[in-house]
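Shown here: protein_13.txt, compact mmCIF, C-alpha atoms.
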```txt
# COMPACT_ATOMS: atom_id res chain seq x y z
CA MET A 1 -5.28 -12.72 12.04
CA GLY A 2 -7.47 -15.67 11.86
CA ASP A 3 -5.86 -16.71 15.11
CA GLU A 4 -7.09 -15.43 18.41
CA ASP A 5 -4.01 -13.59 19.59
CA LYS A 6 -2.73 -12.09 16.37
CA ASN A 7 -3.57 -8.44 16.07
CA ILE A 8 -3.70 -6.06 13.17
CA HIS A 9 -3.33 -2.32 13.69
CA TYR A 10 -5.25 0.15 11.64
CA TYR A 11 -5.85 3.85 11.31
CA TYR A 12 -8.98 5.66 10.25
CA ALA A 13 -10.64 9.04 10.03
CA ILE A 14 -14.38 9.40 9.55
CA ASN A 15 -15.41 12.39 7.50
CA GLU A 16 -18.67 13.93 8.72
CA ASP A 17 -19.47 14.83 5.11
CA GLU A 18 -18.39 11.45 3.77
CA LYS A 19 -18.85 10.97 0.04
CA ALA A 20 -17.49 7.44 0.21
CA THR A 21 -14.88 5.45 2.10
CA ILE A 22 -11.37 4.69 0.86
CA VAL A 23 -9.37 1.73 2.20
CA ILE A 24 -5.59 1.96 1.72
CA SER A 25 -3.50 -1.19 1.20
CA HIS A 26 0.18 -0.23 1.57
CA GLY A 27 3.26 -1.72 -0.01
CA PHE A 28 6.19 -3.92 0.97
CA SER A 29 8.11 -2.78 4.07
CA GLU A 30 6.19 0.49 4.21
CA HIS A 31 5.15 2.46 7.26
CA PHE A 32 2.15 4.64 8.02
CA PRO A 33 3.95 8.02 7.71
CA LYS A 34 4.37 7.31 3.99
CA TYR A 35 0.62 7.78 3.70
CA HIS A 36 0.15 10.82 5.96
CA GLU A 37 -0.10 13.20 3.02
CA MET A 38 -2.38 10.92 0.97
CA PHE A 39 -4.59 10.33 4.00
CA TYR A 40 -4.92 14.12 4.36
CA TYR A 41 -5.82 14.67 0.69
CA PHE A 42 -8.44 11.91 0.63
CA TYR A 43 -10.01 13.20 3.84
CA GLU A 44 -10.02 16.83 2.73
CA ALA A 45 -11.58 15.76 -0.59
CA GLY A 46 -14.55 14.35 1.32
CA TYR A 47 -13.74 10.73 2.03
CA SER A 48 -13.50 8.69 5.18
CA VAL A 49 -10.17 6.91 5.08
CA PHE A 50 -8.98 3.58 6.50
CA TYR A 51 -5.45 2.21 6.50
CA ILE A 52 -4.62 -1.38 7.45
CA GLU A 53 -1.12 -2.08 8.67
CA HIS A 54 -0.48 -5.43 6.98
CA ARG A 55 0.86 -8.23 9.15
CA GLY A 56 4.63 -8.10 9.46
CA HIS A 57 4.59 -4.31 9.24
CA GLY A 58 4.49 -1.50 11.78
CA TYR A 59 2.74 -2.52 15.00
CA SER A 60 0.81 -5.40 13.48
CA TYR A 61 1.42 -9.04 14.28
CA ARG A 62 4.68 -10.49 12.96
CA GLU A 63 5.53 -14.02 11.97
CA ILE A 64 9.22 -13.52 12.67
CA ASP A 65 11.10 -12.01 15.61
CA GLU A 66 13.30 -9.59 13.69
CA LEU A 67 11.54 -6.26 13.14
CA ASP A 68 13.54 -5.45 10.01
CA LYS A 69 12.41 -8.50 7.99
CA VAL A 70 9.28 -8.85 5.88
CA HIS A 71 8.22 -12.44 6.32
CA VAL A 72 4.93 -14.20 5.74
CA LEU A 73 3.98 -17.86 5.92
CA ARG A 74 1.12 -17.52 3.42
CA PHE A 75 0.60 -14.54 1.13
CA GLN A 76 -3.12 -15.29 1.28
CA SER A 77 -3.01 -14.22 4.95
CA TYR A 78 -2.59 -10.61 3.80
CA VAL A 79 -5.73 -10.99 1.70
CA ASP A 80 -7.66 -12.68 4.50
CA ASP A 81 -6.64 -9.92 6.92
CA LEU A 82 -7.84 -7.28 4.48
CA LYS A 83 -11.17 -9.05 4.07
CA ILE A 84 -11.71 -9.39 7.81
CA PHE A 85 -10.71 -5.75 8.27
CA ILE A 86 -13.17 -4.56 5.62
CA ASP A 87 -15.98 -6.84 6.79
CA THR A 88 -15.70 -6.16 10.49
CA VAL A 89 -14.32 -2.64 10.78
CA VAL A 90 -14.69 -0.64 7.59
CA LYS A 91 -18.24 -1.68 6.76
CA GLU A 92 -19.32 -1.02 10.32
CA LYS A 93 -17.83 2.47 10.52
CA SER A 94 -18.39 3.74 6.98
CA LYS A 95 -21.31 6.17 6.87
CA THR A 96 -22.16 5.68 3.20
CA LYS A 97 -21.09 2.02 2.86
CA LYS A 98 -19.63 3.00 -0.52
CA LEU A 99 -16.21 1.39 -0.43
CA PHE A 100 -13.24 2.22 -2.62
CA LEU A 101 -9.87 0.50 -2.52
CA TYR A 102 -6.51 2.20 -3.02
CA SER A 103 -3.41 0.04 -3.22
CA HIS A 104 0.28 0.42 -3.91
CA SER A 105 2.92 -2.15 -4.96
CA MET A 106 2.69 -5.27 -2.74
CA GLY A 107 -0.59 -3.82 -1.51
CA GLY A 108 -1.64 -3.90 -5.17
CA CYS A 109 -1.03 -7.64 -5.36
CA ILE A 110 -3.03 -8.07 -2.15
CA ALA A 111 -5.78 -5.85 -3.60
CA SER A 112 -5.78 -7.77 -6.91
CA LEU A 113 -6.33 -11.05 -5.09
CA TYR A 114 -8.95 -9.48 -2.82
CA LEU A 115 -10.88 -8.10 -5.81
CA GLU A 116 -10.67 -11.45 -7.59
CA GLN A 117 -11.95 -13.31 -4.55
CA ASN A 118 -14.54 -10.68 -3.60
CA PRO A 119 -15.90 -9.29 -6.85
CA ASP A 120 -18.90 -7.49 -5.36
CA GLU A 121 -17.47 -5.68 -2.35
CA MET A 122 -15.79 -2.56 -3.74
CA LYS A 123 -17.36 0.15 -5.88
CA ALA A 124 -14.02 1.16 -7.40
CA ALA A 125 -10.36 0.30 -7.01
CA VAL A 126 -6.96 1.80 -7.82
CA LEU A 127 -3.89 -0.38 -8.34
CA SER A 128 -0.84 1.87 -8.21
CA SER A 129 2.42 0.28 -9.42
CA PRO A 130 0.98 -3.10 -8.40
CA MET A 131 3.43 -5.89 -7.65
CA HIS A 132 2.53 -8.38 -10.37
CA GLN A 133 6.15 -9.16 -11.23
CA LEU A 134 9.16 -8.38 -9.07
CA ASN A 135 12.24 -6.74 -10.52
CA PHE A 136 15.17 -9.05 -9.76
CA ARG A 137 17.78 -6.54 -10.89
CA GLY A 138 19.16 -8.46 -13.83
CA ASN A 139 18.89 -11.97 -12.37
CA SER A 140 17.05 -14.33 -14.69
CA PRO A 141 13.67 -15.70 -13.60
CA ALA A 142 15.10 -19.22 -13.94
CA MET A 143 17.94 -18.38 -11.56
CA VAL A 144 15.53 -16.83 -9.08
CA LYS A 145 13.26 -19.86 -9.28
CA LEU A 146 16.22 -22.17 -8.69
CA LEU A 147 17.35 -20.11 -5.72
CA THR A 148 13.91 -20.11 -4.15
CA VAL A 149 13.63 -23.89 -4.58
CA TRP A 150 17.06 -24.30 -3.03
CA SER A 151 16.13 -21.97 -0.16
CA LYS A 152 13.29 -24.32 0.73
CA ILE A 153 15.54 -27.38 0.72
CA ALA A 154 18.23 -25.55 2.66
CA GLY A 155 15.79 -24.21 5.25
CA TRP A 156 16.56 -20.60 4.49
CA ASP A 157 12.98 -19.43 4.92
CA LYS A 158 13.80 -16.69 7.41
CA ARG A 159 17.01 -15.48 5.75
CA PHE A 160 17.16 -12.21 3.88
CA LEU A 161 17.03 -12.53 0.11
CA PRO A 162 20.29 -11.70 -1.67
CA GLY A 163 20.74 -7.94 -1.71
CA GLN A 164 18.21 -7.41 1.10
CA HIS A 165 19.28 -6.27 4.54
CA GLY A 166 18.13 -4.63 7.73
CA PHE A 167 17.69 -0.90 8.21
CA ASP A 168 21.14 0.68 8.34
CA GLY A 169 20.21 4.33 8.89
CA ILE A 170 21.67 5.38 5.55
CA ASN A 171 19.58 7.74 3.46
CA THR A 172 19.32 6.20 -0.02
CA TYR A 173 17.99 9.23 -1.90
CA PRO A 174 18.08 9.53 -4.92
CA ASN A 175 18.51 5.77 -5.36
CA CYS A 176 15.04 5.04 -4.07
CA SER A 177 11.49 4.98 -5.38
CA ALA A 178 10.67 8.59 -4.49
CA GLN A 179 11.57 11.58 -6.65
CA SER A 180 10.48 14.19 -4.12
CA GLN A 181 13.54 14.74 -1.96
CA LYS A 182 11.62 16.47 0.83
CA ARG A 183 9.06 13.70 1.06
CA HIS A 184 11.78 11.10 1.15
CA ALA A 185 13.53 13.04 3.93
CA TYR A 186 10.32 13.15 5.99
CA LEU A 187 9.76 9.42 5.60
CA PHE A 188 13.37 8.60 6.35
CA GLU A 189 13.30 10.61 9.58
CA GLU A 190 10.08 8.89 10.66
CA LYS A 191 11.71 5.54 9.97
CA LYS A 192 14.81 6.42 11.96
CA LYS A 193 12.74 7.42 14.99
CA ASN A 194 10.69 4.25 15.31
CA LYS A 195 11.99 0.68 15.33
CA TYR A 196 8.58 -0.64 14.24
CA TYR A 197 8.90 1.35 11.05
CA GLN A 198 12.34 -0.06 10.20
CA THR A 199 11.08 -3.14 8.37
CA ASN A 200 13.38 -3.21 5.42
CA GLY A 201 14.05 -6.44 3.52
CA GLY A 202 12.23 -9.56 2.46
CA THR A 203 12.94 -13.18 3.35
CA TYR A 204 13.10 -16.18 1.03
CA LYS A 205 9.76 -17.39 2.32
CA TRP A 206 8.17 -14.01 1.58
CA CYS A 207 9.61 -14.21 -1.92
CA ARG A 208 8.33 -17.72 -2.58
CA GLU A 209 4.88 -16.76 -1.36
CA SER A 210 4.93 -13.57 -3.42
CA LEU A 211 5.90 -15.41 -6.61
CA LYS A 212 2.91 -17.71 -6.21
CA ALA A 213 0.60 -14.83 -5.33
CA MET A 214 1.62 -12.75 -8.35
CA ASP A 215 0.99 -15.70 -10.69
CA GLU A 216 -2.40 -16.18 -9.09
CA ALA A 217 -3.24 -12.48 -9.39
CA ILE A 218 -2.38 -12.47 -13.10
CA LYS A 219 -4.12 -15.75 -13.87
CA ASN A 220 -7.38 -14.66 -12.24
CA ALA A 221 -7.42 -10.99 -13.29
CA GLY A 222 -10.51 -11.66 -15.39
CA LYS A 223 -12.49 -12.37 -12.23
CA ILE A 224 -12.30 -8.71 -11.21
CA LYS A 225 -15.68 -7.10 -11.78
CA THR A 226 -15.00 -3.92 -9.77
CA PRO A 227 -14.30 -0.81 -11.86
CA CYS A 228 -10.56 -0.58 -11.64
CA ILE A 229 -7.62 1.44 -12.96
CA LEU A 230 -3.91 0.63 -12.91
CA PHE A 231 -1.07 3.14 -12.69
CA GLN A 232 2.26 2.17 -14.23
CA ALA A 233 5.51 4.08 -13.71
CA GLY A 234 8.04 4.15 -16.55
CA LEU A 235 11.06 4.43 -14.24
CA ASP A 236 9.95 1.73 -11.84
CA THR A 237 12.84 -0.34 -10.51
CA MET A 238 10.84 -2.35 -7.98
CA VAL A 239 8.34 -4.11 -10.19
CA GLU A 240 8.48 -5.09 -13.84
CA PRO A 241 5.85 -3.73 -16.23
CA GLY A 242 5.59 -7.17 -17.85
CA GLY A 243 3.52 -8.57 -15.00
CA GLN A 244 1.16 -5.60 -15.08
CA GLU A 245 0.78 -6.02 -18.85
CA LYS A 246 -0.15 -9.70 -18.48
CA PHE A 247 -2.62 -8.75 -15.76
CA LEU A 248 -4.18 -6.10 -18.02
CA ALA A 249 -4.32 -8.52 -20.95
CA ASN A 250 -6.38 -10.87 -18.81
CA ASN A 251 -8.84 -8.12 -17.95
CA PRO A 252 -9.23 -5.57 -20.76
CA ALA A 253 -11.80 -3.61 -18.70
CA ILE A 254 -9.00 -2.28 -16.48
CA LYS A 255 -7.64 0.98 -17.83
CA LYS A 256 -3.94 1.79 -17.61
CA TYR A 257 -2.50 5.22 -16.77
CA TYR A 258 1.15 5.50 -17.73
CA TYR A 259 3.71 7.89 -16.23
CA PRO A 260 6.88 7.54 -18.32
CA ASP A 261 9.02 9.85 -16.20
CA SER A 262 8.03 8.70 -12.73
CA LYS A 263 9.38 6.11 -10.35
CA HIS A 264 7.60 3.40 -8.39
CA GLU A 265 6.05 5.72 -5.76
CA LEU A 266 3.84 7.88 -7.93
CA PHE A 267 2.56 9.69 -4.84
CA ASN A 268 6.14 10.81 -4.24
CA ALA A 269 6.78 11.86 -7.85
CA LEU A 270 7.83 15.32 -8.96
CA ASP A 271 5.26 18.11 -8.61
CA ALA A 272 3.56 17.98 -12.01
CA ASP A 273 3.19 14.20 -12.15
CA ARG A 274 2.21 13.94 -8.51
CA LYS A 275 -0.58 16.50 -8.92
CA LYS A 276 -1.78 14.84 -12.12
CA TYR A 277 -1.69 11.44 -10.40
CA TYR A 278 -3.77 12.52 -7.41
CA GLU A 279 -6.25 14.28 -9.68
CA GLU A 280 -6.66 11.16 -11.79
CA VAL A 281 -7.16 9.01 -8.69
CA LEU A 282 -9.73 11.41 -7.24
CA ASP A 283 -11.47 11.94 -10.59
CA PHE A 284 -11.84 8.19 -10.89
CA TYR A 285 -13.24 7.78 -7.39
CA GLY A 286 -15.48 10.81 -7.92
CA SER A 287 -17.11 9.15 -10.91
CA TYR A 288 -18.36 6.35 -8.62
CA VAL A 289 -19.58 8.46 -5.70
CA MET B 1 -16.29 20.38 5.16
CA VAL B 2 -15.21 19.09 1.79
CA ARG B 3 -12.55 20.90 -0.21
CA ASP B 4 -12.38 20.97 -4.00
CA TYR B 5 -9.16 19.24 -5.01
CA LYS B 6 -9.31 21.05 -8.35
CA GLU B 7 -8.73 24.33 -6.53
CA LYS B 8 -5.28 25.83 -6.90
CA GLY B 9 -3.11 25.04 -3.90
CA PHE B 10 -4.99 21.94 -2.77
CA PHE B 11 -1.96 19.73 -3.35
CA ILE B 12 1.31 20.48 -1.61
CA GLY B 13 4.21 21.44 -3.85
CA GLU B 14 7.84 20.60 -3.23
CA ASN B 15 8.73 24.19 -2.39
CA ASP B 16 6.29 24.59 0.47
CA TYR B 17 6.31 20.96 1.61
CA GLU B 18 7.81 21.45 5.07
CA LYS B 19 5.71 24.53 5.81
CA ARG B 20 2.41 22.94 4.82
CA MET B 21 3.17 19.59 6.41
CA GLU B 22 3.77 21.48 9.65
CA ALA B 23 0.72 23.71 9.28
CA GLU B 24 -1.81 21.28 7.79
CA VAL B 25 -0.90 17.61 7.64
CA ILE B 26 0.70 17.11 11.06
CA PRO B 27 -2.20 18.82 12.90
CA PHE B 28 -4.62 16.75 10.81
CA LEU B 29 -3.07 13.54 12.14
CA SER B 30 -4.80 14.16 15.48
CA LYS B 31 -8.10 13.46 13.71
CA ILE B 32 -6.93 9.96 12.85
CA SER B 33 -7.87 7.17 15.20
CA LYS B 34 -5.53 4.28 15.79
CA ALA B 35 -7.03 0.99 16.77
CA ILE B 36 -6.40 -2.72 16.88
CA LEU B 37 -8.28 -5.57 15.36
CA TRP B 38 -7.58 -8.26 17.88
CA GLY B 39 -7.60 -11.66 16.30
CA MET B 40 -11.07 -12.40 15.03
CA ARG B 41 -12.62 -10.27 17.74
CA ILE B 42 -12.86 -6.53 17.64
CA LYS B 43 -11.41 -4.52 19.42
CA ILE B 44 -9.21 -2.67 21.72
CA SER B 45 -10.02 0.70 20.30
CA THR B 46 -8.43 3.87 21.45
CA ILE B 47 -8.05 7.29 19.99
CA THR B 48 -4.50 8.44 19.81
CA THR B 49 -2.23 10.42 17.62
CA PRO B 50 -0.35 8.00 15.39
```

Produce structure tokens that represent the structure in this file.
Amino acid sequence: MGDEDKNIHYYYAINEDEKATIVISHGFSEHFPKYHEMFYYFYEAGYSVFYIEHRGHGYSYREIDELDKVHVLRFQSYVDDLKIFIDTVVKEKSKTKKLFLYSHSMGGCIASLYLEQNPDEMKAAVLSSPMHQLNFRGNSPAMVKLLTVWSKIAGWDKRFLPGQHGFDGINTYPNCSAQSQKRHAYLFEEKKKNKYYQTNGGTYKWCRESLKAMDEAIKNAGKIKTPCILFQAGLDTMVEPGGQEKFLANNPAIKKYYYPDSKHELFNALDADRKKYYEEVLDFYGSYV
Amino acid sequence: MVRDYKEKGFFIGENDYEKRMEAEVIPFLSKISKAILWGMRIKISTITTP
């Protein structure tokens, strides 16, 4: 986006009794079926719902030929796409023009930057397990930094990061970010059926861009004026809580909700936590309707 | 119509996940429009089931 022939796909449902409009910003390598259930809940609760398929995901424009790689030349492009989407599509179609943002993981980093750069656009925002610091599975930040610098010199931009790979059709439950086995099974089957949903691993370039973006998001957290809450999962293995804590320290107005027994995908947690999570999200939005 | 999410049974539990996905969520997907934001210009817009 920003270029004439680069398209972004999106999904939306307008609620005739719209209380407000929720825009969903999804996470790294995710596909639309992961949000089917959430989309349904938000709609049934009285909201119009919009979902942008970030570039490099699903049917949206890709900056690399391989469908299984997450690759981006500039992380800011995700933010620019979101802004254009909100300005030209969401604002036009929303009946109430009351806009709320929901974001998960990488989508949370995109949302953080969007809120920092556009402090007056949203009435409320949810950052769920936002990607403010990646979990490098025991590798030191210095080692990761060295590797990313080397990857630039070596021209490895489009290579998979160590430990990342294409979709291999192997069901990873329970070693994944969902605790609900049935939800994971549904998402896995949807992924198997559609090659556009098989985006699976990140490239070095994506990583370098993400590292810069996360630093930026943390540094400028204080610029967020939108009422905002952040959900943190105690068993998260995708993102480190340290980045979220630094982000929160830079903006004390953002309230944290902590789920000690849940994994990264709080919307795919076990029954009790999942229900509590959705109720807290909807209670929060409801207080700004 | 707006439903009260505080009502018992609004959220889908693990035990009846498949049944309610089949009965509620999958049919709901036909209400969702799929469209394309084409570069800086809107839009090839069609209504389809995702």

Please, what distance in Å, to one decimal, runs between atom CA of Thr148 of chain A and atom CA of His71 of chain A?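 Taking atom CA of Thr148 of chain A and atom CA of His71 of chain A, their separation equals 14.2 Å.
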
Distance in Å - atom CA of Lys123 of chain A versus atom CA of Glu240 of chain A: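 About the pair atom CA of Lys123 of chain A and atom CA of Glu240 of chain A: they are 27.5 Å apart.
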
State, in Å with one decimal place, the distance from atom CA of Ala20 of chain A to atom CA of Ala221 of chain A.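 Here the two named atoms are 25.0 Å from each other.
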
Given a cut-off of 8 Å, which residues of chain A touch chain B, counting only C-alpha atoms, written out as number ranges by chain? A: 1-13, 16-17, 36-37, 40-41, 44-46, 84-85, 88, 180, 182-183, 270-271, 275, 279

Give me the residues near Tyr47 of chain A as a list in words, where near means some atom within 8 Å (using only C-alpha atoms) and where sequence neighbours in that chain fewer than 5 positions away do not count.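 After dropping sequence-adjacent residues, the list is Ile14, Asn15, Asp17, Glu18, Lys19, Ala20, Thr21, Ile22 and Phe42 of chain A.
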